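So the structure is just underneath, and the comments pick up after that.
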Amino acid sequence: MAVVNWLKRHFVVIAGLVTLAYLLLPNVVVTVFSFNRPKGRFNYEWQEFSTDAWRDPCGVSGLCGSLSVSLQIALWATLGATLLGTLIAFALVRYRFRARGAINSLIFLPMAMPEVVMAASLLTLFLNMGAQLGFWTILIAHIMFCLSFVVTAVKARVMSMDPRLEQAAQDLYAGPVQTFLRVTLPIAAPGIAAGALLAFALSFDDFIITNFNAGSTVTFPMFVWGSAQRGTPVQINVIGTAMFVIAVLFVLASMAVGNRRKKQKA
Amino acid sequence: MATLTEAPPPLTPAAPEKKAKPPRRRGRLVPYWLLLPGILWLLVFFALPMVYQASTSVQTGSLEEGYKVTWHFATYWDALSEYYPQFLRSVLYAGSATILCLLLGYPLAYLIAFRAGRWRNLIMILVIAPFFTSFLIRTLAWKTILADGGPVVGALNTLHVLDVTSWLGMTQGDRVLATPLAVVCGLTYNFLPFMILPLYTSLERIDPRLHEAANDLYARPVTTFRRVTFPLSMPGVVSGTLLTFIPATGDYVNADLLGSTDTRMVGNVIQSQFLRILDYPTAAALSFILMAAILVMVTVYIRRSGTEDLV
């Protein structure tokens, strides 16, 4: 009876931890199998421990090339989407104008549309225009679907800003440009950074839209997809594990910096 | 969320030769200039493609001779009658995955919001961190986890879970891989964070004193959850289910990597029609039907959950 009561009392904690385990299990498998030496072409069964793949992460032809393509596209897409998205977010929060509702739904719709629909329709556009599929069509597509997420992130931040801060700046004789650069932009910066990070992650990991519009260009997700058909090299797991570790370290570091700032202020 | 308490950088007094504000008339155009590049991008690369797709879906012709708009609406009928099993499967799999995400995600979101204490940030990081490993690699890991004769399948067999799922038609024999169950499992896994984050946001806003009040009024924990917590978390439930269901319906990655030819979803059909068979009108029609179906389902769902809120 005691056990049942204990289970009842801690039901939420147990169920929550089970879900967390479900979420993290694949990452554990990816990490463990980055130390595998598979027998065949596929890395799905454990054979023996080896650090070969870690010592030679670019040992598979095309892997590191695809990684660099993905990084380039993600960087440019982040830059483009963040710039365009921030401008839209400021316009939406700060100004009254006509066609507001239409513009809001134009920004909302790409987020509420299955990727495959956007991917397919964009491909019909490119085919009709006779565009050469490749780096540029991928970049165009990525800026398109990242844009809405940046707008949402920046908008939330700018909306929660006290407009009196800008009025105060103007009362102190700051011109519009100076007010924007020295007051508005620094306050909006965390929102812009969040939007940019989200855009980078979305672009770097995008598969469906890229698969439709890539032509013969191979991004990292497309390389993984191809290898799922032909044979999965261990190096894929190495890259996956490294990305996970870098991301976690990055988040922990930024949290530590944030905590120290808070303490300094206090 | 200390938005307003963060001090803005110190303001330096403006240079004395500062000019007066620009005249109003120029100011009125400012929002349009800010909107122009981004909105133009969305119009050309999001809205215009939809028009092209609509036009492609009513064209006839062939790859060699080119396509012409002939208002051939029969393509829609043919596509539906040929591929309705894939449509039904998409809705079924995505629906099951959404329900599973809600059942799995709710306790974790609740745990982070109310019970995690100083572990809150760490658990949050662990929920988001998998995102940074390519989702294709993580989905491939399920091939290892659900491998035939592996520990997971063995455990499910011993617990007679597979008997139940076989009876439901979700698995065949003692295999999990290449069955609907594997696809639903992969979909659930892939979209779970999209359920947890909105749930957490709406749970976190709930005043914990409401729980105490319910407790003081002799509500048992289950009643408190049913009458207080759950209704207040409805916005999170609605947006979480939408964020899970919509992308899951159009997904073809899980069905391809973890399923078999019997688990093909509508996304798989659109993909192969577009990229392999090159039957553009059928592919465009299928994609259009998918979009329309989702828009209708989402609208009805939002309406219904909205009225339930009012009751």
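Chain lettering (A, B, ...) mirrors the order of the structure tokens, residue numbering begins at 1 for each chain separately, and ligand numbering begins at 1 in order of display.
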
### Query
If we count only C-alpha atoms, what is near region 128-142 of chain B at a cut-off of 9 Å, once residues fewer than 6 positions away on the same chain are taken out, given as JSON, numbers by chain?
{"A": [23, 24, 25, 26, 27, 29, 30, 33, 44, 201, 204, 205, 206, 207, 220, 221, 224, 225, 228, 236, 237, 239, 240, 241, 242, 243, 244, 245, 246, 247, 248, 251], "B": [177, 182, 185, 186, 189, 190, 193, 197, 253, 254, 257, 258]}

Store the residues picked out above in a file with C-alpha atoms, as an mmCIF file, in the first residue's frame.
```
data_model
loop_
_atom_site.group_PDB
_atom_site.id
_atom_site.type_symbol
_atom_site.label_atom_id
_atom_site.label_comp_id
_atom_site.auth_asym_id
_atom_site.auth_seq_id
_atom_site.Cartn_x
_atom_site.Cartn_y
_atom_site.Cartn_z
ATOM 1 C CA LEU A 23 13.071 12.612 -25.407
ATOM 2 C CA LEU A 24 16.718 11.963 -24.601
ATOM 3 C CA LEU A 25 16.985 8.251 -25.429
ATOM 4 C CA PRO A 26 17.779 8.834 -29.129
ATOM 5 C CA ASN A 27 20.551 11.260 -28.201
ATOM 6 C CA VAL A 29 21.900 6.088 -28.749
ATOM 7 C CA VAL A 30 23.455 8.545 -31.213
ATOM 8 C CA PHE A 33 26.881 4.529 -31.589
ATOM 9 C CA TYR A 44 22.258 0.230 -36.434
ATOM 10 C CA ALA A 201 18.470 26.197 -35.896
ATOM 11 C CA PHE A 204 20.427 24.277 -40.382
ATOM 12 C CA ASP A 205 18.126 21.341 -39.631
ATOM 13 C CA ASP A 206 15.609 21.803 -42.422
ATOM 14 C CA PHE A 207 15.083 18.804 -44.605
ATOM 15 C CA PHE A 220 23.910 18.081 -44.165
ATOM 16 C CA PRO A 221 20.330 16.835 -43.540
ATOM 17 C CA VAL A 224 22.000 12.048 -43.749
ATOM 18 C CA TRP A 225 18.854 11.251 -45.736
ATOM 19 C CA ALA A 228 19.892 6.299 -44.708
ATOM 20 C CA ILE A 236 27.156 11.095 -38.891
ATOM 21 C CA ASN A 237 26.789 10.167 -35.242
ATOM 22 C CA ILE A 239 28.704 15.193 -35.979
ATOM 23 C CA GLY A 240 25.335 14.727 -34.245
ATOM 24 C CA THR A 241 26.963 14.187 -30.854
ATOM 25 C CA ALA A 242 29.326 17.122 -31.310
ATOM 26 C CA MET A 243 26.436 19.402 -32.230
ATOM 27 C CA PHE A 244 24.506 18.325 -29.132
ATOM 28 C CA VAL A 245 27.480 18.915 -26.826
ATOM 29 C CA ILE A 246 28.286 22.306 -28.372
ATOM 30 C CA ALA A 247 24.663 23.407 -28.065
ATOM 31 C CA VAL A 248 24.402 22.374 -24.409
ATOM 32 C CA VAL A 251 23.352 27.345 -23.444
ATOM 33 C CA LEU B 177 10.004 -1.523 -36.944
ATOM 34 C CA ALA B 182 7.014 2.766 -35.255
ATOM 35 C CA CYS B 185 6.338 6.576 -32.154
ATOM 36 C CA GLY B 186 8.713 8.567 -34.360
ATOM 37 C CA TYR B 189 9.095 11.834 -30.523
ATOM 38 C CA ASN B 190 9.797 14.440 -33.194
ATOM 39 C CA PRO B 193 8.865 19.569 -27.726
ATOM 40 C CA LEU B 197 6.768 24.352 -24.718
ATOM 41 C CA VAL B 253 10.371 11.458 -42.986
ATOM 42 C CA ASN B 254 9.152 9.175 -40.187
ATOM 43 C CA LEU B 257 12.642 5.891 -42.295
ATOM 44 C CA LEU B 258 10.663 3.895 -39.723
#
```

### Task
Please determine the contact residues of chain A with respect to chain B at a cut-off of 6 Å, counting only C-alpha atoms, and supply them as a ChimeraX atom specification.
/A:12,15-16,19,26,44,84,87-88,91,114,116-117,121-122,125,173-174,205,240,243-244

### Task
Just the helix (DSSP H, G or I) stuff from region 241-291 of chain B, please, per backbone DSSP, written as a PyMOL selection string.
chain B and resi 241-250+253-258+261-263+266-277+280-291

N, CA and C atoms of the current selection, written as a compact mmCIF listing (two decimals), in the first residue's frame:
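The new file result00.txt reads:
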```
# COMPACT_ATOMS: atom_id res chain seq x y z
N THR B 241 -1.44 21.23 -29.49
CA THR B 241 -1.97 20.21 -30.39
C THR B 241 -1.87 20.66 -31.85
N LEU B 242 -2.08 21.96 -32.09
CA LEU B 242 -1.96 22.45 -33.47
C LEU B 242 -0.52 22.34 -33.96
N LEU B 243 0.43 22.76 -33.10
CA LEU B 243 1.83 22.73 -33.50
C LEU B 243 2.32 21.31 -33.71
N THR B 244 1.66 20.32 -33.11
CA THR B 244 2.02 18.93 -33.31
C THR B 244 1.31 18.36 -34.53
N PHE B 245 -0.01 18.59 -34.58
CA PHE B 245 -0.82 17.92 -35.60
C PHE B 245 -0.48 18.40 -37.01
N ILE B 246 -0.33 19.72 -37.19
CA ILE B 246 -0.13 20.24 -38.55
C ILE B 246 1.15 19.70 -39.18
N PRO B 247 2.32 19.87 -38.53
CA PRO B 247 3.51 19.32 -39.19
C PRO B 247 3.50 17.80 -39.28
N ALA B 248 2.88 17.12 -38.30
CA ALA B 248 2.87 15.66 -38.33
C ALA B 248 2.07 15.15 -39.53
N THR B 249 0.98 15.84 -39.89
CA THR B 249 0.15 15.39 -41.01
C THR B 249 0.93 15.43 -42.32
N GLY B 250 1.77 16.46 -42.48
CA GLY B 250 2.49 16.59 -43.74
C GLY B 250 3.82 15.87 -43.75
N VAL B 253 9.08 11.97 -43.40
CA VAL B 253 10.37 11.46 -42.99
C VAL B 253 10.22 10.22 -42.10
N ASN B 254 9.34 10.30 -41.10
CA ASN B 254 9.15 9.18 -40.19
C ASN B 254 8.58 7.96 -40.91
N ALA B 255 7.59 8.24 -41.79
CA ALA B 255 6.98 7.13 -42.51
C ALA B 255 8.00 6.45 -43.41
N ASP B 256 8.92 7.23 -43.93
CA ASP B 256 9.92 6.67 -44.84
C ASP B 256 11.00 5.90 -44.09
N LEU B 257 11.51 6.51 -42.99
CA LEU B 257 12.64 5.89 -42.29
C LEU B 257 12.21 4.75 -41.38
N LEU B 258 11.06 4.89 -40.72
CA LEU B 258 10.66 3.90 -39.72
C LEU B 258 9.54 2.99 -40.20
N THR B 261 6.15 0.24 -46.99
CA THR B 261 5.26 0.74 -48.04
C THR B 261 3.80 0.76 -47.58
N ASP B 262 3.49 0.00 -46.53
CA ASP B 262 2.11 -0.01 -46.02
C ASP B 262 1.82 1.16 -45.10
N THR B 263 2.84 1.94 -44.77
CA THR B 263 2.61 3.05 -43.85
C THR B 263 2.81 4.39 -44.56
N VAL B 266 0.47 10.86 -46.82
CA VAL B 266 0.23 11.70 -48.01
C VAL B 266 1.50 12.47 -48.38
N GLY B 267 2.31 12.80 -47.39
CA GLY B 267 3.57 13.49 -47.68
C GLY B 267 4.47 12.65 -48.57
N ASN B 268 4.52 11.35 -48.31
CA ASN B 268 5.34 10.46 -49.14
C ASN B 268 4.87 10.48 -50.58
N VAL B 269 3.52 10.50 -50.75
CA VAL B 269 2.98 10.49 -52.11
C VAL B 269 3.34 11.78 -52.82
N ILE B 270 3.15 12.91 -52.13
CA ILE B 270 3.47 14.21 -52.75
C ILE B 270 4.94 14.24 -53.13
N GLN B 271 5.78 13.77 -52.23
CA GLN B 271 7.21 13.80 -52.48
C GLN B 271 7.57 12.96 -53.71
N SER B 272 7.03 11.72 -53.77
CA SER B 272 7.45 10.87 -54.88
C SER B 272 6.82 11.33 -56.19
N GLN B 273 5.59 11.87 -56.14
CA GLN B 273 4.98 12.41 -57.36
C GLN B 273 5.80 13.57 -57.90
N PHE B 274 6.29 14.41 -56.99
CA PHE B 274 7.00 15.61 -57.41
C PHE B 274 8.42 15.31 -57.83
N LEU B 275 9.12 14.47 -57.06
CA LEU B 275 10.56 14.34 -57.26
C LEU B 275 10.95 13.09 -58.03
N ARG B 276 10.07 12.08 -58.07
CA ARG B 276 10.46 10.86 -58.79
C ARG B 276 9.60 10.62 -60.00
N ILE B 277 8.25 10.63 -59.82
CA ILE B 277 7.36 10.31 -60.92
C ILE B 277 7.18 11.51 -61.84
N TYR B 280 3.41 16.45 -62.11
CA TYR B 280 3.20 17.68 -61.37
C TYR B 280 1.73 18.00 -61.08
N PRO B 281 0.81 17.85 -62.03
CA PRO B 281 -0.59 18.19 -61.70
C PRO B 281 -1.13 17.37 -60.52
N THR B 282 -0.89 16.06 -60.52
CA THR B 282 -1.39 15.24 -59.42
C THR B 282 -0.75 15.66 -58.10
N ALA B 283 0.57 15.89 -58.14
CA ALA B 283 1.26 16.29 -56.92
C ALA B 283 0.71 17.61 -56.38
N ALA B 284 0.50 18.58 -57.31
CA ALA B 284 -0.01 19.87 -56.89
C ALA B 284 -1.42 19.73 -56.31
N ALA B 285 -2.23 18.89 -56.96
CA ALA B 285 -3.60 18.69 -56.47
C ALA B 285 -3.58 18.08 -55.08
N LEU B 286 -2.74 17.07 -54.88
CA LEU B 286 -2.64 16.42 -53.56
C LEU B 286 -2.22 17.43 -52.50
N SER B 287 -1.21 18.22 -52.83
CA SER B 287 -0.72 19.19 -51.86
C SER B 287 -1.80 20.22 -51.54
N PHE B 288 -2.59 20.59 -52.58
CA PHE B 288 -3.66 21.55 -52.35
C PHE B 288 -4.75 20.96 -51.46
N ILE B 289 -5.09 19.69 -51.71
CA ILE B 289 -6.11 19.04 -50.88
C ILE B 289 -5.63 18.98 -49.43
N LEU B 290 -4.35 18.63 -49.25
CA LEU B 290 -3.80 18.55 -47.90
C LEU B 290 -3.91 19.90 -47.19
N MET B 291 -3.55 20.97 -47.91
CA MET B 291 -3.60 22.29 -47.32
C MET B 291 -5.04 22.65 -46.93
```

### Task
Figure out the distance between CA of Thr60 (chain B) and CA of Ala74 (chain B), please, to one decimal in Å.
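Taking CA of Ala74 (chain B) as the start and CA of Thr60 (chain B) as the end point, the length is 10.3 Å.
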
### Message
Residues within 8 Å of Leu67 (chain A), please, as a list of chain:residue names. Count only C-alpha atoms; anything in the same chain fewer than 4 positions from it doesn't count.
### Response
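Listing them by chain and then by number gives A:Leu63, A:Leu71, A:Thr219, A:Phe220.
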
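Separating CA of Leu232 (chain B) from CA of Ala293 (chain B) is a distance of 29.0 Å.
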
### Task
Between CA of Leu217 (chain B) and CA of Gly236 (chain B), measure the distance and give it in Å to one decimal.
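Going from CA of Leu217 (chain B) over to CA of Gly236 (chain B), I get 26.1 Å.
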
### Task
Mind checking which residues fall within 8 Å of Ala196 (chain A), counting only C-alpha atoms, ignoring those fewer than 2 positions away in the same chain, and posting them as JSON, numbers by chain?
{"A": [78, 79, 81, 82, 150, 192, 193, 194, 198, 199, 200]}

What does the file look like for those residues with N, CA and C atoms, as a PDB file, in the first residue's frame?
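Listed below is the output, again_33.pdb:
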```pdb
ATOM      1  N   THR A  78      19.909  33.187 -41.739  1.00  0.00           N
ATOM      2  CA  THR A  78      19.691  33.854 -40.464  1.00  0.00           C
ATOM      3  C   THR A  78      19.814  35.357 -40.635  1.00  0.00           C
ATOM      4  N   LEU A  79      20.860  35.772 -41.348  1.00  0.00           N
ATOM      5  CA  LEU A  79      21.086  37.203 -41.563  1.00  0.00           C
ATOM      6  C   LEU A  79      19.880  37.815 -42.286  1.00  0.00           C
ATOM      7  N   ALA A  81      16.746  36.626 -42.797  1.00  0.00           N
ATOM      8  CA  ALA A  81      15.458  36.539 -42.100  1.00  0.00           C
ATOM      9  C   ALA A  81      15.433  37.474 -40.896  1.00  0.00           C
ATOM     10  N   THR A  82      16.563  37.602 -40.185  1.00  0.00           N
ATOM     11  CA  THR A  82      16.585  38.467 -39.011  1.00  0.00           C
ATOM     12  C   THR A  82      16.411  39.922 -39.418  1.00  0.00           C
ATOM     13  N   VAL A 150      11.094  34.814 -36.841  1.00  0.00           N
ATOM     14  CA  VAL A 150      11.825  35.987 -36.347  1.00  0.00           C
ATOM     15  C   VAL A 150      10.839  37.093 -35.975  1.00  0.00           C
ATOM     16  N   ILE A 192      15.762  39.989 -30.785  1.00  0.00           N
ATOM     17  CA  ILE A 192      16.380  39.789 -32.098  1.00  0.00           C
ATOM     18  C   ILE A 192      17.322  38.588 -32.048  1.00  0.00           C
ATOM     19  N   ALA A 193      18.089  38.486 -30.950  1.00  0.00           N
ATOM     20  CA  ALA A 193      19.007  37.353 -30.811  1.00  0.00           C
ATOM     21  C   ALA A 193      18.244  36.038 -30.759  1.00  0.00           C
ATOM     22  N   ALA A 194      17.124  36.017 -30.008  1.00  0.00           N
ATOM     23  CA  ALA A 194      16.326  34.788 -29.926  1.00  0.00           C
ATOM     24  C   ALA A 194      15.804  34.412 -31.304  1.00  0.00           C
ATOM     25  N   LEU A 198      16.781  31.002 -33.423  1.00  0.00           N
ATOM     26  CA  LEU A 198      15.725  30.112 -33.902  1.00  0.00           C
ATOM     27  C   LEU A 198      15.855  29.920 -35.411  1.00  0.00           C
ATOM     28  N   ALA A 199      16.098  31.034 -36.128  1.00  0.00           N
ATOM     29  CA  ALA A 199      16.236  30.957 -37.584  1.00  0.00           C
ATOM     30  C   ALA A 199      17.413  30.055 -37.949  1.00  0.00           C
ATOM     31  N   PHE A 200      18.522  30.215 -37.233  1.00  0.00           N
ATOM     32  CA  PHE A 200      19.698  29.397 -37.533  1.00  0.00           C
ATOM     33  C   PHE A 200      19.385  27.913 -37.336  1.00  0.00           C
TER      34      PHE A 200
END
```
